[in-house]
Each structure stands twice: as C-alpha cells, then as structure tokens.
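Structure file target-v4.cif with mmCIF, C-alpha atoms:
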```
data_run
#
loop_
_atom_site.label_atom_id
_atom_site.label_comp_id
_atom_site.auth_asym_id
_atom_site.auth_seq_id
_atom_site.Cartn_x
_atom_site.Cartn_y
_atom_site.Cartn_z
CA MET O 1 0.00 0.00 0.00
CA LYS O 2 2.79 2.40 1.08
CA LYS O 3 4.84 1.43 -1.95
CA SER O 4 1.91 2.21 -4.20
CA LYS O 5 1.48 5.69 -2.62
CA SER O 6 5.16 6.50 -3.00
CA LYS O 7 5.00 5.37 -6.64
CA ARG O 8 2.02 7.63 -7.21
CA ASN O 9 3.82 10.60 -5.62
CA LYS O 10 6.79 10.10 -7.86
CA LYS O 11 4.50 9.88 -10.83
CA ASN O 12 2.76 13.10 -9.79
CA ILE O 13 6.06 14.95 -9.50
CA LYS O 14 6.97 13.73 -12.96
CA ASN O 15 3.57 14.61 -14.42
CA PHE O 16 2.95 17.90 -12.70
CA ILE O 17 6.41 19.43 -12.50
CA VAL O 18 9.03 17.77 -14.67
CA PHE O 19 7.00 17.19 -17.83
CA PRO O 20 5.43 20.68 -17.93
CA LEU O 21 8.80 22.31 -17.47
CA ILE O 22 10.44 20.22 -20.18
CA LEU O 23 7.47 20.74 -22.49
CA CYS O 24 7.55 24.48 -21.88
CA ALA O 25 11.28 24.72 -22.56
CA VAL O 26 11.07 22.59 -25.71
CA MET O 27 8.11 24.53 -27.10
CA PHE O 28 9.73 27.85 -26.27
CA ALA O 29 12.95 26.83 -28.01
CA ALA O 30 11.01 25.58 -31.04
CA ALA O 31 8.92 28.75 -31.25
CA PHE O 32 12.04 30.91 -30.96
CA ALA O 33 13.94 28.92 -33.60
CA VAL O 34 11.04 29.16 -36.06
CA SER O 35 10.29 32.84 -35.48
CA ALA O 36 13.83 34.20 -35.03
CA PRO O 37 14.20 35.37 -38.65
CA PHE O 38 10.92 37.27 -38.48
CA LEU O 39 11.10 38.62 -34.93
CA SER O 40 12.16 42.10 -35.95
CA ASN O 41 9.10 42.44 -38.18
CA ILE O 42 6.84 40.91 -35.56
CA PHE O 43 8.09 43.39 -32.97
CA SER O 44 7.52 46.31 -35.31
CA ILE O 45 3.98 45.19 -36.03
CA GLY O 46 3.39 44.53 -32.35
CA ALA O 47 4.55 48.04 -31.54
CA MET O 48 1.62 49.49 -33.42
CA PHE O 49 -0.77 47.76 -31.00
CA MET O 50 1.12 47.66 -27.75
CA SER O 51 3.16 50.85 -27.60
CA ASP O 52 2.10 53.66 -25.31
CA LYS O 53 4.35 56.00 -27.24
CA GLN O 54 3.90 57.54 -30.62
CA VAL O 55 6.10 55.50 -32.92
CA ASP O 56 7.43 57.02 -36.10
CA TYR O 57 7.46 54.40 -38.84
CA SER O 58 8.38 56.87 -41.50
CA LYS O 59 11.45 56.13 -43.57
CA ALA O 60 11.37 59.44 -45.40
CA TYR O 61 14.29 61.80 -45.01
CA ASP O 62 16.13 64.59 -46.78
CA ASN O 63 19.44 63.90 -48.41
CA ILE O 64 22.01 66.63 -49.00
CA PHE O 65 24.88 64.24 -49.68
CA VAL O 66 26.68 64.67 -52.98
CA PRO O 67 29.91 62.63 -53.25
CA THR O 68 33.07 64.63 -53.87
CA ASP O 69 36.67 63.83 -54.77
CA THR O 70 38.02 66.94 -53.03
CA ASN O 71 41.23 66.29 -51.14
CA ALA O 72 41.88 69.79 -49.78
CA ASP O 73 43.31 70.21 -46.29
CA THR O 74 40.76 72.82 -45.36
CA VAL O 75 37.24 73.84 -46.30
CA ASP O 76 35.64 77.15 -45.43
CA ALA O 77 32.52 77.08 -43.29
CA SER O 78 30.76 79.35 -45.74
CA ASP O 79 31.12 76.65 -48.42
CA ILE O 80 29.37 74.05 -46.31
CA GLU O 81 25.69 73.37 -45.99
CA PHE O 82 25.48 72.44 -42.34
CA PRO O 83 23.09 69.46 -42.07
CA GLY O 84 19.78 69.96 -40.31
CA ILE O 85 18.34 67.37 -37.94
CA ASN O 86 17.67 63.95 -39.49
CA LYS O 87 19.23 64.80 -42.85
CA GLN O 88 21.59 62.44 -44.60
CA PHE O 89 24.81 64.28 -45.33
CA GLY O 90 27.31 61.48 -45.90
CA GLU O 91 28.27 57.84 -45.76
CA LEU O 92 30.26 55.81 -43.23
CA SER O 93 32.09 52.56 -43.96
CA ILE O 94 34.76 50.25 -42.58
CA LYS O 95 36.31 48.18 -45.33
CA GLY O 96 36.19 44.42 -44.82
CA ARG O 97 34.17 44.70 -41.64
CA ASP O 98 30.69 44.76 -43.12
CA VAL O 99 29.98 48.33 -42.08
CA ASP O 100 28.59 50.52 -44.84
CA ALA O 101 25.82 52.96 -44.03
CA LYS O 102 24.27 56.29 -44.83
CA LEU O 103 25.33 58.95 -42.33
CA PHE O 104 22.74 61.29 -40.81
CA PHE O 105 22.88 64.26 -38.50
CA GLY O 106 20.61 63.29 -35.63
CA ASP O 107 20.06 59.87 -34.09
CA SER O 108 16.29 59.49 -33.78
CA SER O 109 14.32 56.55 -35.21
CA VAL O 110 14.30 57.74 -38.82
CA PRO O 111 18.10 58.04 -39.18
CA LEU O 112 18.68 54.77 -37.33
CA ARG O 113 16.17 52.95 -39.52
CA ASN O 114 17.96 54.16 -42.65
CA GLY O 115 21.58 54.20 -41.54
CA VAL O 116 23.66 55.56 -38.68
CA GLY O 117 23.30 58.94 -37.00
CA ILE O 118 25.44 61.57 -35.31
CA TYR O 119 24.12 62.75 -31.97
CA ALA O 120 22.98 66.36 -32.47
CA GLY O 121 24.85 67.36 -29.32
CA SER O 122 28.12 66.36 -30.98
CA PHE O 123 29.64 67.58 -34.24
CA ILE O 124 30.19 66.84 -37.91
CA PRO O 125 33.55 65.65 -39.32
CA GLY O 126 36.11 68.42 -39.74
CA TYR O 127 34.69 70.50 -36.88
CA GLY O 128 37.51 69.52 -34.55
CA ARG O 129 35.28 68.16 -31.80
CA THR O 130 33.64 64.89 -30.78
CA ILE O 131 31.60 62.96 -33.37
CA LEU O 132 29.28 60.50 -31.60
CA VAL O 133 27.62 58.05 -33.99
CA ALA O 134 24.85 55.57 -33.12
CA GLY O 135 23.68 52.58 -35.16
CA HIS O 136 21.50 49.52 -34.56
CA ASN O 137 23.27 46.32 -33.54
CA ASN O 138 21.13 44.13 -35.76
CA THR O 139 21.53 46.22 -38.91
CA TYR O 140 24.07 48.87 -39.88
CA PHE O 141 26.40 48.53 -36.89
CA ASN O 142 26.24 44.75 -36.56
CA GLY O 143 29.62 44.74 -38.31
CA LEU O 144 31.24 46.57 -35.39
CA LYS O 145 31.73 43.12 -33.85
CA ASN O 146 34.37 42.53 -36.54
CA VAL O 147 36.45 45.69 -36.09
CA ARG O 148 40.08 45.59 -35.00
CA LYS O 149 42.47 48.21 -33.69
CA GLY O 150 44.05 49.95 -36.68
CA ASP O 151 41.02 49.56 -38.97
CA ILE O 152 40.10 52.68 -40.93
CA VAL O 153 36.67 54.26 -40.72
CA LYS O 154 35.84 56.22 -43.86
CA ILE O 155 33.38 59.08 -43.81
CA SER O 156 32.38 60.72 -47.07
CA THR O 157 30.57 64.05 -47.06
CA SER O 158 29.74 66.64 -49.67
CA TYR O 159 32.57 68.86 -48.41
CA GLY O 160 35.32 66.27 -48.06
CA ASN O 161 36.38 62.71 -47.33
CA TYR O 162 37.66 61.67 -43.93
CA LYS O 163 39.61 58.75 -42.50
CA TYR O 164 39.73 57.79 -38.83
CA LYS O 165 41.96 55.09 -37.37
CA ILE O 166 40.40 52.84 -34.73
CA THR O 167 42.36 53.06 -31.48
CA GLY O 168 40.28 50.82 -29.27
CA THR O 169 36.93 49.51 -28.14
CA LYS O 170 35.06 49.45 -24.85
CA LEU O 171 32.09 47.56 -23.46
CA THR O 172 30.13 49.52 -20.91
CA THR O 173 26.63 50.62 -19.98
CA ASP O 174 24.45 53.25 -21.59
CA LYS O 175 24.73 55.37 -18.45
CA ASP O 176 28.52 55.55 -18.50
CA LYS O 177 29.24 59.22 -19.17
CA LYS O 178 32.95 58.53 -19.25
CA ALA O 179 32.48 56.58 -22.47
CA TYR O 180 32.51 59.85 -24.45
CA ASP O 181 33.51 63.46 -23.94
CA LEU O 182 31.26 66.03 -25.58
CA SER O 183 33.49 68.86 -24.37
CA ALA O 184 36.64 67.55 -26.07
CA ASP O 185 38.38 70.12 -28.24
CA LYS O 186 40.16 67.47 -30.31
CA GLU O 187 38.47 65.72 -33.20
CA ASN O 188 37.60 62.17 -32.17
CA LEU O 189 35.15 59.66 -33.56
CA VAL O 190 33.04 57.46 -31.29
CA LEU O 191 30.80 54.75 -32.76
CA TYR O 192 28.47 52.71 -30.59
CA THR O 193 25.77 50.11 -30.70
CA CYS O 194 23.87 47.80 -28.37
CA TYR O 195 25.58 44.70 -27.01
CA PRO O 196 25.38 41.71 -27.40
CA PHE O 197 25.40 42.27 -31.15
CA ASP O 198 22.72 39.75 -32.04
CA SER O 199 20.48 40.29 -29.05
CA LEU O 200 16.84 40.99 -29.69
CA GLY O 201 15.70 42.36 -26.39
CA LEU O 202 16.42 45.38 -24.25
CA THR O 203 19.97 45.79 -23.17
CA ASN O 204 21.76 48.49 -21.22
CA GLN O 205 25.15 47.42 -22.53
CA ARG O 206 26.86 49.37 -25.29
CA PHE O 207 29.85 48.56 -27.44
CA PHE O 208 31.94 51.65 -28.16
CA VAL O 209 34.57 52.01 -30.87
CA TYR O 210 37.06 54.88 -30.65
CA ALA O 211 38.96 56.39 -33.56
CA GLU O 212 41.33 59.28 -34.18
CA LYS O 213 41.38 61.47 -37.24
CA GLU O 214 43.89 60.46 -39.88
CA SER O 215 42.94 62.74 -42.75
CA GLY O 216 40.25 65.01 -44.12
CA PRO O 217 39.65 68.74 -44.46
CA VAL O 218 39.47 70.93 -41.37
CA ILE O 219 36.53 73.32 -41.39
CA THR O 220 37.86 76.85 -41.11
CA GLY O 221 36.11 80.17 -40.60
CA LEU O 222 33.67 78.77 -38.08
CA TYR O 223 34.09 81.77 -35.79
CA GLU O 224 33.72 84.94 -37.79
CA MET B 225 16.83 69.05 -13.64
CA LYS B 226 17.05 67.92 -17.24
CA ARG B 227 13.69 69.47 -17.91
CA VAL B 228 14.74 72.82 -16.54
CA ILE B 229 17.95 72.83 -18.52
CA SER B 230 16.13 71.62 -21.60
CA VAL B 231 13.61 74.40 -21.28
CA LEU B 232 16.32 77.01 -20.91
CA THR B 233 18.03 75.67 -24.00
CA ALA B 234 14.69 75.54 -25.77
CA VAL B 235 14.06 79.18 -25.01
CA LEU B 236 17.41 80.09 -26.49
CA ILE B 237 17.05 78.03 -29.59
CA ILE B 238 13.47 79.06 -30.30
CA ALA B 239 14.29 82.68 -29.96
CA LEU B 240 17.03 82.28 -32.48
CA SER B 241 14.99 80.52 -35.08
CA THR B 242 13.46 83.40 -36.97
CA VAL B 243 15.87 83.27 -39.85
CA ALA B 244 16.23 79.89 -41.51
CA VAL B 245 19.16 80.33 -43.83
CA SER B 246 21.83 77.65 -44.22
CA ALA B 247 25.10 79.27 -43.29
CA ALA B 248 27.74 77.27 -41.47
CA GLY B 249 29.80 79.39 -39.13
CA LEU B 250 29.02 81.42 -36.06
CA ASN B 251 28.77 85.19 -36.11
CA SER B 252 29.58 87.39 -33.14
CA GLY B 253 26.00 87.35 -31.90
CA GLU B 254 25.82 83.57 -31.99
CA GLN B 255 29.17 83.32 -30.24
CA SER B 256 28.04 85.70 -27.51
CA VAL B 257 24.94 83.59 -26.89
CA LEU B 258 27.00 80.41 -26.65
CA SER B 259 29.39 82.13 -24.31
CA ASN B 260 26.47 83.33 -22.20
CA MET B 261 25.09 79.78 -22.07
CA ARG B 262 28.40 78.57 -20.69
CA THR B 263 28.19 81.03 -17.80
CA PRO B 264 26.93 79.22 -14.71
CA ALA B 265 24.03 80.31 -12.52
CA ASN B 266 25.03 80.83 -8.93
CA MET B 267 22.45 78.99 -6.85
CA LYS B 268 23.23 79.57 -3.19
CA GLY B 269 26.95 79.32 -3.81
CA ASN B 270 26.68 76.38 -6.21
CA SER B 271 27.62 76.92 -9.84
CA VAL B 272 24.99 75.35 -12.07
CA TYR B 273 26.07 74.81 -15.67
CA VAL B 274 24.14 74.00 -18.81
CA PRO B 275 25.43 70.56 -19.94
CA ALA B 276 27.76 70.45 -22.93
CA ALA B 277 25.28 68.32 -24.88
CA TYR B 278 22.71 71.14 -24.86
CA ILE B 279 25.21 73.85 -25.70
CA ASN B 280 26.51 71.71 -28.55
CA GLN B 281 22.98 71.27 -29.91
CA ALA B 282 22.52 75.01 -29.83
CA GLU B 283 25.86 75.47 -31.59
CA ALA B 284 24.90 72.96 -34.28
CA TYR B 285 21.65 74.82 -34.84
CA PHE B 286 23.36 78.21 -34.94
CA ASN B 287 25.42 76.84 -37.79
CA THR B 288 22.26 76.55 -39.84
CA ILE B 289 20.96 80.09 -39.29
CA ASP B 290 22.16 83.67 -39.49
CA MET B 291 21.33 85.41 -36.25
CA THR B 292 21.02 89.19 -36.22
CA SER B 293 22.64 91.21 -33.46
CA ASP B 294 19.18 92.26 -32.30
CA GLN B 295 18.13 88.63 -31.91
CA ALA B 296 21.35 87.88 -30.09
CA SER B 297 20.82 90.67 -27.58
CA ARG B 298 17.21 89.57 -26.99
CA ILE B 299 18.35 86.01 -26.40
CA ASN B 300 21.09 87.13 -24.09
CA GLY B 301 18.43 89.06 -22.20
CA ILE B 302 16.31 85.90 -21.83
CA ILE B 303 19.32 83.94 -20.63
CA GLY B 304 19.97 86.66 -18.06
CA GLN B 305 16.35 86.53 -16.91
CA GLY B 306 16.47 82.77 -16.62
CA ARG B 307 19.69 82.89 -14.67
CA SER B 308 18.36 85.61 -12.34
CA PHE B 309 15.21 83.62 -11.80
CA LEU B 310 17.18 80.51 -10.84
CA GLU B 311 19.45 82.48 -8.52
CA GLY B 312 16.46 84.24 -6.98
CA THR B 313 14.70 81.01 -6.02
CA GLY B 314 17.00 80.62 -3.05
CA LYS B 315 17.52 76.97 -3.93
CA SER B 316 20.93 75.37 -4.11
CA GLY B 317 20.20 73.31 -7.22
CA VAL B 318 17.67 72.91 -10.01
CA SER B 319 16.57 69.57 -8.60
CA GLU B 320 15.14 71.47 -5.64
CA LEU B 321 12.84 73.65 -7.74
CA THR B 322 9.13 73.30 -7.10
CA SER B 323 6.79 72.37 -9.92
CA SER B 324 5.51 75.93 -9.91
CA GLU B 325 9.05 77.24 -10.43
CA LYS B 326 9.51 74.76 -13.23
CA GLN B 327 6.27 75.98 -14.74
CA THR B 328 7.63 79.52 -14.65
CA LEU B 329 10.62 78.37 -16.65
CA LEU B 330 8.29 76.59 -19.05
CA GLY B 331 6.43 79.88 -19.33
CA TYR B 332 9.57 81.53 -20.73
CA ALA B 333 9.74 78.84 -23.40
CA SER B 334 6.07 79.11 -24.28
CA ALA B 335 6.16 82.88 -24.48
CA ALA B 336 9.24 82.80 -26.69
CA ALA B 337 7.69 80.13 -28.90
CA GLY B 338 4.48 82.14 -29.21
CA VAL B 339 6.27 85.32 -30.22
CA LEU B 340 8.28 83.48 -32.84
CA LYS B 341 5.39 81.33 -34.03
CA MET B 342 7.24 78.19 -33.13
CA SER B 343 6.27 75.40 -30.81
CA ALA B 344 8.10 73.81 -27.93
CA ALA B 345 6.85 70.82 -26.02
CA ALA B 346 8.17 69.34 -22.81
CA GLY B 347 7.31 65.67 -22.50
CA SER B 348 5.44 64.26 -19.54
CA ASP B 349 8.47 62.21 -18.58
CA SER B 350 10.24 65.55 -18.00
CA THR B 351 13.24 64.56 -20.05
CA LYS B 352 11.99 65.30 -23.56
CA VAL B 353 11.93 68.63 -25.27
CA LYS B 354 10.98 68.90 -28.90
CA ILE B 355 11.20 72.13 -30.82
CA ILE B 356 9.46 72.42 -34.15
CA SER B 357 9.76 75.30 -36.55
CA LYS B 358 6.73 76.89 -38.16
CA SER B 359 7.56 75.00 -41.36
CA GLY B 360 7.25 71.75 -39.43
CA ASP B 361 10.94 70.92 -39.27
CA THR B 362 12.23 69.44 -36.06
CA ILE B 363 14.92 71.75 -34.72
CA VAL B 364 15.74 69.88 -31.54
CA ASP B 365 14.50 66.42 -30.71
CA ASP B 366 16.02 65.44 -27.45
CA SER B 367 15.21 62.01 -26.09
CA GLY B 368 16.70 62.87 -22.76
CA SER B 369 19.76 60.69 -23.08
CA VAL B 370 22.94 61.00 -25.09
CA ILE B 371 23.28 57.27 -25.65
CA LYS B 372 20.30 55.83 -27.46
CA ALA B 373 18.65 52.42 -27.50
CA THR B 374 20.28 50.78 -30.50
CA GLY B 375 18.97 47.25 -30.08
CA ALA B 376 16.16 45.59 -32.01
CA ASP B 377 13.02 47.62 -31.56
CA SER B 378 13.67 48.12 -27.86
CA TYR B 379 11.09 47.33 -25.21
CA LEU B 380 8.82 45.13 -27.30
CA PRO B 381 10.72 41.85 -27.21
CA SER B 382 10.16 41.49 -23.48
CA VAL B 383 6.41 41.97 -23.92
CA ILE B 384 6.27 39.43 -26.72
CA ILE B 385 8.46 36.91 -24.95
CA LEU B 386 6.22 37.15 -21.88
CA SER B 387 3.14 36.59 -24.04
CA VAL B 388 4.69 33.57 -25.74
CA THR B 389 5.77 32.14 -22.39
CA GLY B 390 2.25 32.56 -21.07
CA ALA B 391 0.79 30.79 -24.08
CA LEU B 392 3.23 27.92 -23.70
CA LEU B 393 2.42 27.55 -20.02
CA ILE B 394 -1.27 27.27 -20.88
CA LEU B 395 -0.48 24.54 -23.40
CA SER B 396 1.67 22.77 -20.82
CA SER B 397 -1.17 22.89 -18.33
CA ALA B 398 -3.47 21.34 -20.89
CA GLY B 399 -0.93 18.52 -21.28
CA VAL B 400 -0.86 18.02 -17.52
CA ILE B 401 -4.64 17.77 -17.33
CA LEU B 402 -4.62 15.11 -20.03
CA LEU B 403 -1.96 13.15 -18.17
CA ARG B 404 -3.98 13.43 -14.96
CA LYS B 405 -7.08 12.10 -16.65
CA LYS B 406 -5.12 9.13 -18.00
CA SER B 407 -3.60 8.53 -14.58
CA TYR B 408 -7.03 8.46 -12.86
CA GLY B 409 -8.34 6.10 -15.46
CA TYR B 410 -5.42 3.76 -14.75
CA GLU B 411 -6.14 3.91 -10.98
CA LYS B 412 -9.78 2.98 -11.57
CA ILE B 413 -8.77 -0.10 -13.53
CA GLU B 414 -6.28 -1.04 -10.76
CA LYS B 415 -9.07 -0.93 -8.17
#
```
Could you render the structure from this file as structure tokens?
Amino acid sequence: MKKSKSKRNKKNIKNFIVFPLILCAVMFAAAFAVSAPFLSNIFSIGAMFMSDKQVDYSKAYDNIFVPTDTNADTVDASDIEFPGINKQFGELSIKGRDVDAKLFFGDSSVPLRNGVGIYAGSFIPGYGRTILVAGHNNTYFNGLKNVRKGDIVKISTSYGNYKYKITGTKLTTDKDKKAYDLSADKENLVLYTCYPFDSLGLTNQRFFVYAEKESGPVITGLYE
Amino acid sequence: MKRVISVLTAVLIIALSTVAVSAAGLNSGEQSVLSNMRTPANMKGNSVYVPAAYINQAEAYFNTIDMTSDQASRINGIIGQGRSFLEGTGKSGVSELTSSEKQTLLGYASAAAGVLKMSAAAGSDSTKVKIISKSGDTIVDDSGSVIKATGADSYLPSVIILSVTGALLILSSAGVILLRKKSYGYEKIEK
C-alpha cells in the first residue's frame, strides 16, 4: 500500500512538475527557432498595438549628400551646408568589416532605420570636436563586432572625405558618461551600438569604438 | 533638472529661429549667446552649468541660421532673466525647484515660442523637449539621453516573450490535465 502511494507521488512529481517544465522549454525553443528570422518584423507590427508611445514608422528623409573627390586640407565654413536634424549628409564605412551605411545628423528613429546617426549634441567631421555616432546592432552597426584596432573608418561628405583610425573599443553601460567626452576640443570619432550584437531584447550594454582622425579637411572660418 | 535645462536651451534656440538660412559658421552674436550659455548660474553658492550636450545642440543649430545682433541681444536678455530667476529662487540646485518654479521656466519657453510662431513641447516624462519650426521641421528632438537604444526595436521583445511564455504555459497545463485524466483512469482499472 505504502509502496503504491510513493510510486504515485513520484508519478505526480513527474507529471505535474518535470513534464510541464520540459514541455515548456522545448516549445519555447522551437517557437524561438522558427520565429527568429521574423522577430524584428513581428516586434515592429506589435509596436503598433502595444506601444504607449507615438512610434514614427516613416522612412522618409532629406538627403544633401553629394559625393566629392576633393582632397583639400581645409574647407571654409561658408562653403558648407550644415546638415539639419535627421538629414543624410554622408556615408560611413569600414572596409572588410561589413559596415557601410548612410550617415545622418541626428540619431532618432528615422536616421537609425535608414543608416547611422550623429548625436545632435556632438559635431560633424572636420569641426575639430567629438563625433558621436549611433547605429543599430542588428543592422548597420552589426559589423562593429568585426572591427580591429588599426582599422580605418571612412566618412564621405559633400565637403570632403575623412579617415579615422580605430584606437580601441570598450564595453560599458548606456549610463557611463565617461564613455565619451562632448566637451573635447580634439576631433575624435566614437561609434556605438547595443551589445550583445545579435540580441533581440532590451539591453543596457553598449559597445563603443574609438577612432582618431587620420585625414580630411578641417573646417575653417567657423568663428567669424 | 534635465527638464529645466532643456527648457532654458529651448528658449534660447526658439528665440534664435526666426531666420532659416543655411550658413555654417558662427557670427559674433551667436558666439556671444553660446558664451552666455556657458556662464553658470550661482544657486546659493553652487555653480549650475548648462550641460555640454545642450550647448553643442545650440551650436549645431546656430550653424544653420544667421542670427542678427538684435536677436542675439534679446536672447542674451532671456538667458539673463532665466539665470536671475534661478538664482532668486534661493535653492541650491535645479533639482530642488518646485513644480511651480519649473512651470515659470516653461512659461519663458512658451512665451518665446508664441512670439516666434514656433512650438516647444516638454514631454510628460520631464526629459523630452521637442522644438518644431513653423515650417514643421524638427529643430531639436532630445530624447533625454545621449546614448540611445540601439537594439532591435527596444522594449517590445520582453512583452512578446512574456506573451509567448504565457501561451506555452497554458499549453503545458493542458498537457498536464490530459496526463492526470489518464492517470485516474489507470487507478480505476487497478481498483
């Protein structure tokens, strides 16, 4: 009798705890494996129904970028059309590292959906200050996982072409204010994206890439 | 604090937005405004500065306009008023301001926006300030943080994953019920 009760208890544990957990894990893994390639789209569609914020799905933007072969050392400020917020004004690439994107001024959803964007509280190439560029980890800046010290970041704009040499990388949080210096008076390029690179959920980790200016025209006549 | 600083910056930028001409470079008026923005407010002995990110945004915008000396002096006047107001509150930091004092600062922004036929909005989360020109262009769109969310469409995955987990748990429960039914049937036969 006792043996039969103990057998039943064991069976209950198996049926009510072990099996459900295994089943749940297996089904979750299967659902994830099947839907992984479409998750980004599913999330975007879901956002329309579940978001409490106004989401901008627009992809429209202004483009003032016209490629140039100019190799001058300087360019006068009066010859430059300073980009307005969310306008494409260049391109950014890292050869052999799968990074090739349109470059915007501004880093809201429209620029980041179409390319990579410079934070409006930082500056454009040639200005002699900090250039802070954001890009999504699952699209245009996914290739940052491949970068190495010494790689060259190319930035093309309508007023000149720039090269920056990568000096290092850093993994930190989005709240780390030491990860960049917006008061720096030396031109420096900072690229960042979310980490881990192929994560789909929220993350407070950021992967930063630092680069120093190698070449490209200095903007002169900024202060009349 | 961010809201207060954002509003102050908003006031400055709005007031400077009357002329929308693309002209990189900063004239003397624009430089004087930037210099004025860098001057701290003395709140009960504490120097309170406008963060570099806001000043830089103003500088970027000034590069897209041509400010007249008259506009510059008016803006400098508003900055002075804002600074005097902060110093006159008797508080030692902007975080200590009451909501009424914050509203007063918002009033500066609204008044400036009204005069210039532009709009400024401070978000309910107190960290967002959006400034839109009369032509509908976004002049400043500040999300409240320098470093943005650059992952896959941000907060949604957690919601979806929770929903999927819930659905799977329901299915698991259904499986358990079936097993239970089978188990009882077996016991009946045993008896």
- Task: Could you expand the PyMOL selection byres ((chain O and resi 184-190) around 8) into the explicit residues it covers here, written as a ChimeraX atom specification?
- Result: /O:125-133,164,180-183,191-192,208-213
Could you write those residues out with C-alpha atoms, as a tab-separated table (two decimals), in the frame of the given file?
```tsv
chain	number	residue	atom	x	y	z
O	125	PRO	CA	33.55	65.65	-39.32
O	126	GLY	CA	36.11	68.42	-39.74
O	127	TYR	CA	34.69	70.50	-36.88
O	128	GLY	CA	37.51	69.52	-34.55
O	129	ARG	CA	35.28	68.16	-31.80
O	130	THR	CA	33.64	64.89	-30.78
O	131	ILE	CA	31.60	62.96	-33.37
O	132	LEU	CA	29.28	60.50	-31.60
O	133	VAL	CA	27.62	58.05	-33.99
O	164	TYR	CA	39.73	57.79	-38.83
O	180	TYR	CA	32.51	59.85	-24.45
O	181	ASP	CA	33.51	63.46	-23.94
O	182	LEU	CA	31.26	66.03	-25.58
O	183	SER	CA	33.49	68.86	-24.37
O	191	LEU	CA	30.80	54.75	-32.76
O	192	TYR	CA	28.47	52.71	-30.59
O	208	PHE	CA	31.94	51.65	-28.16
O	209	VAL	CA	34.57	52.01	-30.87
O	210	TYR	CA	37.06	54.88	-30.65
O	211	ALA	CA	38.96	56.39	-33.56
O	212	GLU	CA	41.33	59.28	-34.18
O	213	LYS	CA	41.38	61.47	-37.24
```
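Picture a line from CA of Lys145 (chain O) to CA of Gly106 (chain O); it runs 23.1 Å.
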- Apply the PyMOL selection byres ((chain O) within 8 of (chain B)) to the displayed file and report the matching residues as number ranges by chain. O: 15-16, 19-21, 23-24, 27-28, 40, 43-44, 46-47, 77-85, 107-108, 119-123, 134-138, 174-175, 182-183, 193-195, 199-203, 221-224
- CA of Val218 (chain O) to CA of Asn260 (chain B) measures 26.3 Å
- Message: Which residue is closest to Asn270 (chain B)? Choose from B:Met291, B:Val318, B:Ile302, B:Ala296 and count all atoms listed in the file.
- Response: B:Val318
- Query: What is the distance between CA of Lys154 (chain O) and CA of Ser93 (chain O), in Å to one decimal?
  - Reply: 5.2 Å
- Could you pull out every residue with an atom within 6 Å of (33.8, 50.9, -25.4), file coordinates, counting all atoms listed in the file, and send them as a PyMOL selection string? chain O and resi 169-172+207-209
